[in-house]
Structures are given as structure tokens and as C-alpha cells.
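Content type compact mmCIF, C-alpha atoms, from the file target.txt:
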```txt
# COMPACT_ATOMS: atom_id res chain seq x y z
CA MET A 14 -21.67 6.04 -1.51
CA ARG A 15 -18.64 7.96 -2.72
CA SER A 16 -18.50 10.01 0.49
CA VAL A 17 -18.65 6.86 2.61
CA ARG A 18 -15.82 5.30 0.59
CA ILE A 19 -13.67 8.40 0.97
CA ALA A 20 -14.38 8.53 4.72
CA VAL A 21 -13.39 4.87 5.17
CA TYR A 22 -10.16 5.30 3.23
CA LEU A 23 -9.34 8.50 5.14
CA PHE A 24 -10.00 6.91 8.53
CA GLY A 25 -8.00 3.80 7.63
CA GLY A 26 -5.10 5.87 6.30
CA VAL A 27 -4.96 8.03 9.44
CA ALA A 28 -5.15 4.96 11.70
CA ALA A 29 -2.43 3.17 9.74
CA PHE A 30 -0.20 6.25 9.84
CA GLY A 31 -0.66 6.59 13.61
CA ALA A 32 0.11 2.90 14.19
CA ALA A 33 3.24 3.15 12.03
CA VAL A 34 4.44 6.27 13.89
CA TYR A 35 4.00 4.65 17.31
CA LEU A 36 5.66 1.50 16.00
CA VAL A 37 8.79 3.53 15.25
CA ILE A 38 8.57 5.38 18.59
CA TYR A 39 8.30 2.18 20.64
CA LEU A 40 11.13 0.63 18.68
CA TYR A 41 13.30 3.59 19.63
CA ARG A 42 12.25 3.28 23.28
CA TRP A 43 13.02 -0.48 23.44
CA GLN A 44 9.43 -1.26 24.44
CA TRP A 45 8.87 -4.53 22.62
CA GLN A 46 5.37 -5.40 23.92
CA ARG A 47 3.94 -2.12 22.72
CA THR A 48 5.86 -2.44 19.45
CA LEU A 49 4.25 -5.82 18.80
CA LEU A 50 0.81 -4.41 19.59
CA CYS A 51 1.30 -1.53 17.16
CA GLY A 52 2.62 -3.90 14.50
CA VAL A 53 -0.39 -6.19 14.84
CA LEU A 54 -2.71 -3.18 14.74
CA LEU A 55 -1.00 -1.91 11.59
CA LEU A 56 -1.42 -5.30 9.90
CA VAL A 57 -5.10 -5.45 10.89
CA ILE A 58 -5.75 -1.99 9.46
CA GLU A 59 -3.97 -2.87 6.21
CA VAL A 60 -5.99 -6.08 5.85
CA LEU A 61 -9.22 -4.17 6.51
CA LEU A 62 -8.34 -1.56 3.91
CA LEU A 63 -7.43 -4.26 1.39
CA GLY A 64 -10.69 -6.10 2.08
CA PHE A 65 -12.74 -2.94 1.72
CA ALA A 66 -10.98 -2.10 -1.55
CA MET A 67 -11.70 -5.59 -2.89
CA LEU A 68 -15.35 -5.42 -1.83
CA ASP A 69 -15.67 -1.98 -3.40
CA ARG A 70 -14.16 -3.25 -6.63
CA LEU A 71 -16.43 -6.30 -6.67
CA GLY A 72 -19.44 -4.06 -6.03
CA ARG A 73 -18.51 -1.89 -8.99
CA LEU A 74 -18.14 -4.92 -11.23
CA GLU A 75 -21.47 -6.32 -10.04
CA ARG A 76 -23.24 -3.02 -10.72
CA ARG A 77 -21.63 -2.86 -14.17
CA VAL A 78 -22.77 -6.41 -14.98
CA ARG A 79 -26.30 -5.61 -13.83
CA GLU A 80 -26.35 -2.48 -15.95
CA ASN A 81 -25.15 -4.42 -19.00
CA ASP A 82 -27.78 -7.10 -18.42
CA ARG A 83 -30.48 -4.47 -18.11
CA ARG A 84 -29.40 -2.80 -21.35
CA HIS A 85 -29.26 -6.18 -23.07
CA GLU A 86 -32.81 -6.95 -21.99
CA GLU A 87 -34.03 -3.54 -23.17
CA ILE A 88 -32.39 -3.95 -26.60
CA LEU A 89 -33.76 -7.48 -26.93
CA ALA A 90 -37.25 -6.28 -26.02
CA LEU A 91 -37.01 -3.49 -28.64
CA LEU A 92 -35.89 -5.97 -31.31
CA ARG A 93 -38.73 -8.35 -30.50
CA ALA A 94 -41.23 -5.50 -30.58
CA GLY A 95 -39.88 -4.43 -33.99
CA GLU A 96 -40.18 -7.97 -35.32
CA ARG A 97 -43.78 -8.20 -34.12
CA GLN A 98 -44.68 -4.88 -35.74
CA GLY A 99 -42.97 -5.87 -39.02
CA GLY A 100 -44.80 -9.20 -39.07
CA SER A 101 -48.15 -7.57 -38.55
CA ARG A 102 -47.54 -5.22 -41.52
CA GLY A 103 -46.29 -7.96 -43.87
CA GLU A 104 -42.77 -6.53 -43.97
CA PRO A 105 -39.58 -8.62 -43.96
CA GLY A 106 -39.50 -10.58 -40.73
CA GLY A 107 -43.22 -11.42 -40.82
CA PRO A 108 -44.85 -14.75 -41.57
CA ASP A 109 -45.58 -13.71 -45.20
CA ALA A 110 -42.10 -12.46 -45.89
CA ARG A 111 -40.28 -13.81 -48.91
CA ALA A 112 -37.64 -16.38 -48.08
CA ARG A 113 -34.13 -14.91 -47.91
CA PHE A 114 -31.55 -16.16 -50.42
CA SER A 115 -34.22 -17.83 -52.46
CA TRP A 116 -31.97 -17.67 -55.50
CA LEU A 117 -29.86 -20.38 -53.92
CA GLU A 118 -32.81 -22.75 -54.02
CA GLU A 119 -33.23 -22.50 -57.81
CA SER A 120 -32.09 -25.62 -59.58
CA GLY A 121 -30.11 -25.91 -62.73
CA ARG A 122 -27.44 -23.30 -61.80
CA THR A 123 -24.35 -23.50 -59.67
CA TYR A 124 -23.13 -20.50 -57.72
CA VAL A 125 -19.42 -20.76 -57.07
CA PHE A 126 -18.83 -17.02 -56.59
CA VAL A 127 -20.15 -16.85 -53.01
CA PRO A 128 -17.94 -19.65 -51.54
CA VAL A 129 -14.89 -18.26 -53.34
CA LEU A 130 -15.62 -14.78 -52.02
CA MET A 131 -16.04 -16.08 -48.49
CA ALA A 132 -12.79 -18.07 -48.62
CA THR A 133 -10.93 -15.07 -50.03
CA GLY A 134 -12.30 -12.82 -47.27
CA ALA A 135 -11.23 -15.32 -44.59
CA ALA A 136 -7.73 -15.52 -46.07
CA LEU A 137 -7.41 -11.74 -46.24
CA SER A 138 -8.66 -11.42 -42.66
CA GLY A 139 -6.01 -13.87 -41.47
CA LEU A 140 -3.30 -12.01 -43.38
CA ALA A 141 -4.44 -8.68 -41.89
CA TRP A 142 -4.38 -10.22 -38.42
CA LEU A 143 -0.79 -11.39 -38.92
CA VAL A 144 0.28 -7.96 -40.17
CA GLU A 145 -1.41 -6.25 -37.21
CA ARG A 146 0.25 -8.59 -34.69
CA LEU A 147 3.65 -8.06 -36.31
CA ALA A 148 3.20 -4.28 -36.26
CA ARG A 149 2.11 -4.32 -32.61
CA THR A 150 5.15 -6.40 -31.65
CA THR A 151 7.71 -4.26 -33.45
CA ALA A 152 6.26 -0.79 -32.80
CA GLY A 153 6.22 0.62 -29.29
CA PRO A 154 5.67 3.88 -27.40
CA VAL A 155 9.28 4.92 -28.00
CA GLY A 156 8.88 4.55 -31.75
CA ARG A 157 5.69 6.58 -31.73
CA ARG A 158 7.32 9.37 -29.71
CA ARG A 159 10.31 9.36 -32.05
CA LEU A 160 8.02 9.56 -35.10
CA ALA A 161 6.01 12.38 -33.51
CA GLY A 162 9.22 14.26 -32.71
CA ARG A 163 10.49 13.95 -36.28
CA LEU A 164 7.16 15.17 -37.68
CA VAL A 165 7.28 18.38 -35.60
CA PRO A 166 9.14 20.42 -38.31
CA LEU A 167 6.45 19.48 -40.84
CA THR A 168 3.62 21.08 -38.87
CA ALA A 169 2.22 24.43 -40.02
CA PRO A 170 3.45 27.48 -38.06
CA ALA A 171 1.07 29.38 -35.83
CA GLY A 172 1.14 32.62 -37.88
CA GLY A 173 0.75 31.02 -41.31
CA LEU A 174 3.10 29.61 -43.90
CA ARG A 175 4.86 32.88 -44.74
CA ASP A 176 5.23 33.96 -41.14
CA GLY A 177 6.89 30.71 -40.09
CA LEU A 178 9.02 30.20 -43.21
CA THR A 179 12.53 29.20 -42.22
CA THR A 180 15.33 27.13 -43.58
CA ASP A 181 17.01 26.26 -40.26
CA LEU A 182 15.62 22.83 -39.48
CA PRO A 183 16.98 20.92 -36.51
CA LYS A 184 19.02 17.86 -37.29
CA GLU A 185 17.60 15.84 -34.41
CA PRO A 186 14.04 16.86 -33.47
CA PRO A 187 12.88 16.47 -29.87
CA LEU A 188 11.55 13.08 -28.91
CA GLY A 189 8.83 14.29 -26.54
CA PRO A 190 8.60 15.26 -22.86
CA PRO A 191 11.15 13.77 -20.44
CA ARG A 192 10.24 10.63 -18.54
CA TRP A 193 12.46 11.12 -15.48
CA ARG A 194 9.84 12.15 -12.92
CA THR A 195 8.54 8.69 -12.03
CA PRO A 196 12.00 7.06 -11.66
CA ALA A 197 13.15 10.04 -9.60
CA ALA A 198 10.17 9.71 -7.25
CA VAL A 199 10.80 5.97 -6.86
CA ALA A 200 14.48 6.60 -6.16
CA ILE A 201 13.69 9.24 -3.53
CA ALA A 202 11.20 6.89 -1.83
CA LEU A 203 13.77 4.09 -1.77
CA LEU A 204 16.39 6.42 -0.30
CA LEU A 205 14.00 7.56 2.43
CA CYS A 206 13.13 3.97 3.31
CA ALA A 207 16.81 3.02 3.40
CA GLY A 208 17.59 6.02 5.62
CA LEU A 209 14.75 5.15 8.01
CA ILE A 210 15.93 1.54 8.24
CA ALA A 211 19.51 2.67 8.86
CA VAL A 212 18.46 5.06 11.63
CA LEU A 213 16.25 2.44 13.32
CA SER A 214 18.99 -0.18 13.13
CA GLU A 215 21.43 2.27 14.71
CA LEU A 216 19.02 3.14 17.52
CA THR A 217 17.94 -0.44 18.27
CA GLU A 218 21.28 -2.17 17.75
CA THR A 219 22.73 -4.11 20.65
CA LYS A 220 26.04 -2.38 21.20
CA PRO A 221 29.12 -3.92 22.84
CA PRO A 222 29.11 -3.99 26.65
CA ALA A 223 30.39 -0.78 28.19
CA ARG A 224 30.43 0.77 31.65
CA GLY A 225 29.49 4.27 32.62
CA GLN A 226 31.81 6.91 34.03
CA ALA A 227 30.18 6.90 37.50
CA THR A 228 30.55 4.30 40.24
CA ALA A 229 26.91 3.18 40.23
CA THR A 230 23.57 4.01 38.60
CA SER A 231 20.38 4.78 40.50
CA VAL A 232 16.84 4.33 39.18
CA LEU A 233 13.77 5.85 40.86
CA PHE A 234 10.32 4.67 39.74
CA THR A 235 6.72 4.31 40.86
CA VAL A 236 4.16 1.55 40.29
CA THR A 237 0.55 2.50 39.50
CA THR A 238 -2.13 -0.19 39.71
CA ARG A 239 -5.86 -0.44 39.02
CA ASN A 240 -8.04 -2.65 41.24
CA VAL A 241 -4.96 -4.49 42.50
CA PRO A 242 -4.04 -4.92 46.21
CA ASP A 243 -0.88 -3.35 47.58
CA ALA A 244 0.76 -6.75 48.10
CA ARG A 245 0.10 -7.60 44.44
CA ALA A 246 1.56 -4.24 43.37
CA ASN A 247 4.72 -4.86 45.38
CA LEU A 248 5.08 -8.33 43.84
CA ALA A 249 4.52 -6.85 40.34
CA ALA A 250 7.27 -4.27 40.94
CA HIS A 251 9.74 -7.01 41.92
CA GLN A 252 8.70 -9.11 38.92
CA LEU A 253 9.23 -6.24 36.50
CA TRP A 254 12.61 -5.41 38.00
CA GLU A 255 13.81 -9.02 37.85
CA ARG A 256 12.62 -9.35 34.26
CA CYS A 257 14.38 -6.16 33.15
CA ARG A 258 17.68 -7.02 34.83
CA ASP A 259 18.49 -9.12 31.76
CA ALA A 260 17.51 -6.42 29.23
CA THR A 261 20.89 -4.66 29.20
CA ALA A 262 24.03 -5.68 27.38
CA ILE A 263 25.82 -6.09 30.74
CA PRO A 264 24.05 -8.48 33.15
CA LEU A 265 22.98 -6.70 36.32
CA ALA A 266 24.59 -8.93 38.93
CA GLN A 267 24.69 -6.29 41.69
CA ALA A 268 21.34 -4.52 41.34
CA GLY A 269 19.29 -4.20 44.48
CA MET A 270 15.80 -2.68 44.76
CA THR A 271 14.13 -1.28 47.84
CA THR A 272 10.76 0.27 48.73
CA LEU A 273 10.93 3.89 49.80
CA ASP A 274 7.34 5.00 50.43
CA GLY A 275 4.22 3.13 49.39
CA GLN A 276 4.49 2.62 45.63
CA LEU A 277 7.82 4.44 45.30
CA TYR A 278 10.87 2.25 44.61
CA ALA A 279 14.58 2.82 44.15
CA ALA A 280 17.25 0.59 42.63
CA THR A 281 21.04 0.83 42.64
CA ILE A 282 23.17 -0.83 39.99
CA HIS A 283 26.90 -1.42 40.43
CA PRO A 284 28.96 -0.85 38.36
CA SER A 285 27.25 1.96 36.51
CA LEU A 286 25.51 1.59 33.14
CA SER A 287 26.30 3.31 29.89
CA ASP A 288 23.77 5.61 28.25
CA HIS A 289 22.71 2.86 25.83
CA ASP A 290 22.10 0.29 28.59
CA ARG A 291 20.30 2.90 30.68
CA HIS A 292 18.02 3.64 27.73
CA ARG A 293 17.28 -0.07 27.30
CA LEU A 294 16.58 -0.54 31.01
CA VAL A 295 14.15 2.38 31.16
CA GLY A 296 12.33 1.15 28.05
CA CYS A 297 11.95 -2.34 29.50
CA LEU A 298 10.64 -1.04 32.83
CA GLN A 299 8.03 1.21 31.23
CA ASP A 300 6.85 -1.43 28.76
CA ALA A 301 3.39 -2.97 29.20
CA GLY A 302 4.33 -6.33 30.70
CA ILE A 303 1.78 -7.01 33.48
CA ASP A 304 -1.97 -6.53 33.34
CA ARG A 305 -3.38 -3.51 35.26
CA VAL A 306 0.13 -2.50 36.40
CA GLN A 307 2.03 0.48 35.02
CA LEU A 308 5.59 1.36 36.00
CA THR A 309 6.80 4.94 35.55
CA VAL A 310 10.49 5.83 35.78
CA LEU A 311 10.91 9.16 37.58
CA GLY A 312 14.61 9.52 36.89
CA THR A 313 18.01 7.92 36.57
CA GLY A 314 21.45 9.15 37.49
CA GLY A 315 25.03 8.28 38.30
CA ILE A 316 26.37 7.86 41.83
CA SER A 317 30.01 8.70 42.61
CA PRO A 318 31.87 8.87 45.94
CA ALA A 319 32.22 12.35 47.36
CA ASP A 320 35.58 14.03 46.85
CA ASP A 321 37.72 14.43 49.97
```

Once more with this new file: its structure as C-alpha cells, please.
Amino acid sequence: MRSVRIAVYLFGGVAAFGAAVYLVIYLYRWQWQRTLLCGVLLLVIEVLLLGFAMLDRLGRLERRVRENDRRHEEILALLRAGERQGGSRGEPGGPDARARFSWLEESGRTYVFVPVLMATGAALSGLAWLVERLARTTAGPVGRRRLAGRLVPLTAPAGGLRDGLTTDLPKEPPLGPPRWRTPAAVAIALLLCAGLIAVLSELTETKPPARGQATATSVLFTVTTRNVPDARANLAAHQLWERCRDATAIPLAQAGMTTLDGQLYAATIHPSLSDHDRHRLVGCLQDAGIDRVQLTVLGTGGISPADD
């Protein structure tokens, strides 16, 4: 059972790590459909791991309760067997046993000592409870460490009393080992998370509109289909191109697309795009937007008039 639990946690951890890595990659590539799929997959894996952990915990509690019930039944059976044996021998607990506290049934005498003793014991128990609660509230781990640190000079030396005899006692004994490791680890984790968020926000931020240095930008891509007719593939290519024309910061007003050879297409955008808009356009084109249709960008480049 332990090996199965370790295998499930290991598999879930590896799957969650892979989904998180691809989530970051697709965010950087501006491929929102695949990012959403990876995010949903990551949430599903986390819920499955949480559910398995809860079921494992409930199973442990159930086994512990069953074990306690079994032990309780065994102890009860042993006590009943002992009572039956004692009764058969005429010992206390049997039918012929002398009644307990028979001296209380004697008439003519009053016994005030027992009630007074019981009341005194109850009062002392309540007072002890109050003292214990007060001590628990006022004393803490820091006080115990401070007390332990101040008692260090009073401990016997390792080589005996004469060997460790000294008169130089520290004025402020140590208070115990430092407690900076856990806060430092939490601080480092928070810094890493903040750095990752800052990098992702910088990479996926919509920057102000800007034009490229060239006159126009060309995009060459192919469309691969599976069990789809050629006419449907051509229509899918035009649909993807029209959908991605609005993915850049600058609207692509003059952006024509033409078919070169079969499933090879070329598009020309005027004026040219900046590197950021080109990155967004390529990510949108290669995103999974249409079923059984995959678009692959072969290359992009700037077009400038030839020098005279």
C-alpha cells in the first residue's frame, strides 16, 4: 500500500510539473487555447491529488478506529473472563463476594470524613487546573529556550568537575539554535514567485503600437489536416488568418494572403510589424483553434525595396 501511495504521488507530481511548465511556455508563445488546456489539466491534477490525499487520510483514520475497537473488544473479553473465573472461585467479583463498602450500611454512626475528603479533592483539582492553565498561557517556547540557555553554565563539564573548573561565566548565555532557516526559505520562495510573475507579465504584456524598420512583413506557413478535404483545409487557413489579424497591437488593415502550392500559403503585411507584434501573430497562428487542422509557420521576415 505504501508503494502504491508513493507511485500515485510521484506520478501526480510529475504530471502537475509538466502541465505547469507547458502553461508557462504557451503563455510566452501567446497561444491562449493551449494555455487554457494546460491550466485546466493542472487544476484537474491538483484536485485528484487532493482527493487521493483525503481518501488516504480517511483510510488511515478508519483503520485506526477499527484497531482501537478490536483492542477494546479484546480487553473487554479478558475482563469478562477474569470476572467469570473469580466468581467460580468465590473471590471478589463472584456471587458470594462480600458487599463492598459494607461499613457504610451500618447504622448508628455517621461518616462525614469521606464527603469532606471528596469535596477537598475536587477543590484542589480545580485549583491545580487553574494553575496549569495560567502556566500554559504565560510560558511559551521562547521562555523554555531562554531557561535552557541560562542553565547551560550549570551543567557538569565533560571531563569532570576539576577538569572543567572555570570562573569565566558568560553574562548572557546562548538562547538555543537560530530559527532563521524557515523564514529564509519562505522569503526565497516568495522572491522566486515574484520574479516569475514579473518575467511573465513582461513577456505577455500588450505593448504600445509600434512599426517595424522594414516596409512590409511576410509570413510563410503551411496547413496540415487530418481526414479533411482540401477545400475545407483552404477555408480553415483563411479562417485562421482572419482570426489572427486582430491579435496584434496594430490592426492589420493591409494584410493579404495567397496560396502558393497546395497547402503552402504566404501573407504580406503593410506596414511592417514590430518584433513583439510578429511574436503575437505567430503564436496566434500556431495555436490550436480548429479541430483536425494544424498551422505551422515556416518563417517570417521583413520586405524592403531594393536599393538603386

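Reported to one decimal place, the separation of CA of Glu255 (chain A) from CA of Leu36 (chain A) is 25.6 Å.
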
**Request:** For Ala227 (chain A), work out the shell of residues within 7 Å, counting all atoms listed in the file and skipping chain neighbours fewer than 3 positions away, then give it as a list in words.
**Result:** Ser285, Gly315, Ile316 and Ser317 of chain A

Residue list as a PDB file with C-alpha atoms, in the coordinates of the input for point (19.6, 3.6, 31.7), cut-off 9 Å, only C-alpha atoms:
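Just written: result27.pdb:
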```
ATOM      1  CA  THR A 230      23.570   4.010  38.600  1.00  0.00           C
ATOM      2  CA  SER A 231      20.380   4.780  40.500  1.00  0.00           C
ATOM      3  CA  VAL A 232      16.840   4.330  39.180  1.00  0.00           C
ATOM      4  CA  THR A 261      20.890  -4.660  29.200  1.00  0.00           C
ATOM      5  CA  LEU A 286      25.510   1.590  33.140  1.00  0.00           C
ATOM      6  CA  SER A 287      26.300   3.310  29.890  1.00  0.00           C
ATOM      7  CA  ASP A 288      23.770   5.610  28.250  1.00  0.00           C
ATOM      8  CA  HIS A 289      22.710   2.860  25.830  1.00  0.00           C
ATOM      9  CA  ASP A 290      22.100   0.290  28.590  1.00  0.00           C
ATOM     10  CA  ARG A 291      20.300   2.900  30.680  1.00  0.00           C
ATOM     11  CA  HIS A 292      18.020   3.640  27.730  1.00  0.00           C
ATOM     12  CA  ARG A 293      17.280  -0.070  27.300  1.00  0.00           C
ATOM     13  CA  LEU A 294      16.580  -0.540  31.010  1.00  0.00           C
ATOM     14  CA  VAL A 295      14.150   2.380  31.160  1.00  0.00           C
ATOM     15  CA  GLY A 296      12.330   1.150  28.050  1.00  0.00           C
ATOM     16  CA  THR A 313      18.010   7.920  36.570  1.00  0.00           C
ATOM     17  CA  GLY A 314      21.450   9.150  37.490  1.00  0.00           C
TER      18      GLY A 314
END
```

**Pick from A:Val17, A:Ala301, A:Leu140, A:Ala229 nearest to Gly269 (chain A), counting only C-alpha atoms** = A:Ala229

**Separation of CA of Asp304 (chain A) from CA of Asn247 (chain A), in Å and rounded to one decimal** =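 About the pair CA of Asp304 (chain A) and CA of Asn247 (chain A): they are 13.9 Å apart.
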
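Coordinates place CA of Ala32 (chain A) at a distance of 19.9 Å from CA of Ala202 (chain A).
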
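Proximity to Thr237 (chain A) was assessed for A:Ala94, A:Leu40, A:Ile210, A:Ala249 counting only C-alpha atoms; the smallest distance is recorded for A:Ala249.
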
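Nearest-residue note for Cys51 (chain A): choosing from A:Ala262, A:Leu68, A:Ala33, A:Leu147, the minimum distance belongs to A:Ala33, counting all atoms listed in the file.
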
Could you give me region 19-32 of chain A completed to N, CA and C atoms, formatted as a compact mmCIF listing (two decimals), in the frame of the given file?
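Dumped everything to out.txt:
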```
# COMPACT_ATOMS: atom_id res chain seq x y z
N ILE A 19 -14.76 7.48 0.65
CA ILE A 19 -13.67 8.40 0.97
C ILE A 19 -13.43 8.47 2.48
N ALA A 20 -14.53 8.48 3.26
CA ALA A 20 -14.38 8.53 4.72
C ALA A 20 -13.69 7.28 5.25
N VAL A 21 -14.04 6.11 4.70
CA VAL A 21 -13.39 4.87 5.17
C VAL A 21 -11.91 4.87 4.83
N TYR A 22 -11.57 5.26 3.61
CA TYR A 22 -10.16 5.30 3.23
C TYR A 22 -9.39 6.32 4.06
N LEU A 23 -10.01 7.47 4.34
CA LEU A 23 -9.34 8.50 5.14
C LEU A 23 -9.12 8.01 6.57
N PHE A 24 -10.14 7.42 7.16
CA PHE A 24 -10.00 6.91 8.53
C PHE A 24 -8.96 5.80 8.60
N GLY A 25 -8.99 4.88 7.63
CA GLY A 25 -8.00 3.80 7.63
C GLY A 25 -6.59 4.32 7.41
N GLY A 26 -6.43 5.31 6.53
CA GLY A 26 -5.10 5.87 6.30
C GLY A 26 -4.55 6.57 7.54
N VAL A 27 -5.41 7.35 8.22
CA VAL A 27 -4.96 8.03 9.44
C VAL A 27 -4.60 7.02 10.53
N ALA A 28 -5.43 5.98 10.69
CA ALA A 28 -5.15 4.96 11.70
C ALA A 28 -3.86 4.21 11.39
N ALA A 29 -3.65 3.87 10.12
CA ALA A 29 -2.43 3.17 9.74
C ALA A 29 -1.20 4.05 9.96
N PHE A 30 -1.32 5.34 9.63
CA PHE A 30 -0.20 6.25 9.84
C PHE A 30 0.13 6.38 11.33
N GLY A 31 -0.90 6.50 12.17
CA GLY A 31 -0.66 6.59 13.61
C GLY A 31 -0.01 5.33 14.17
N ALA A 32 -0.49 4.15 13.72
CA ALA A 32 0.11 2.90 14.19
C ALA A 32 1.57 2.78 13.74
```
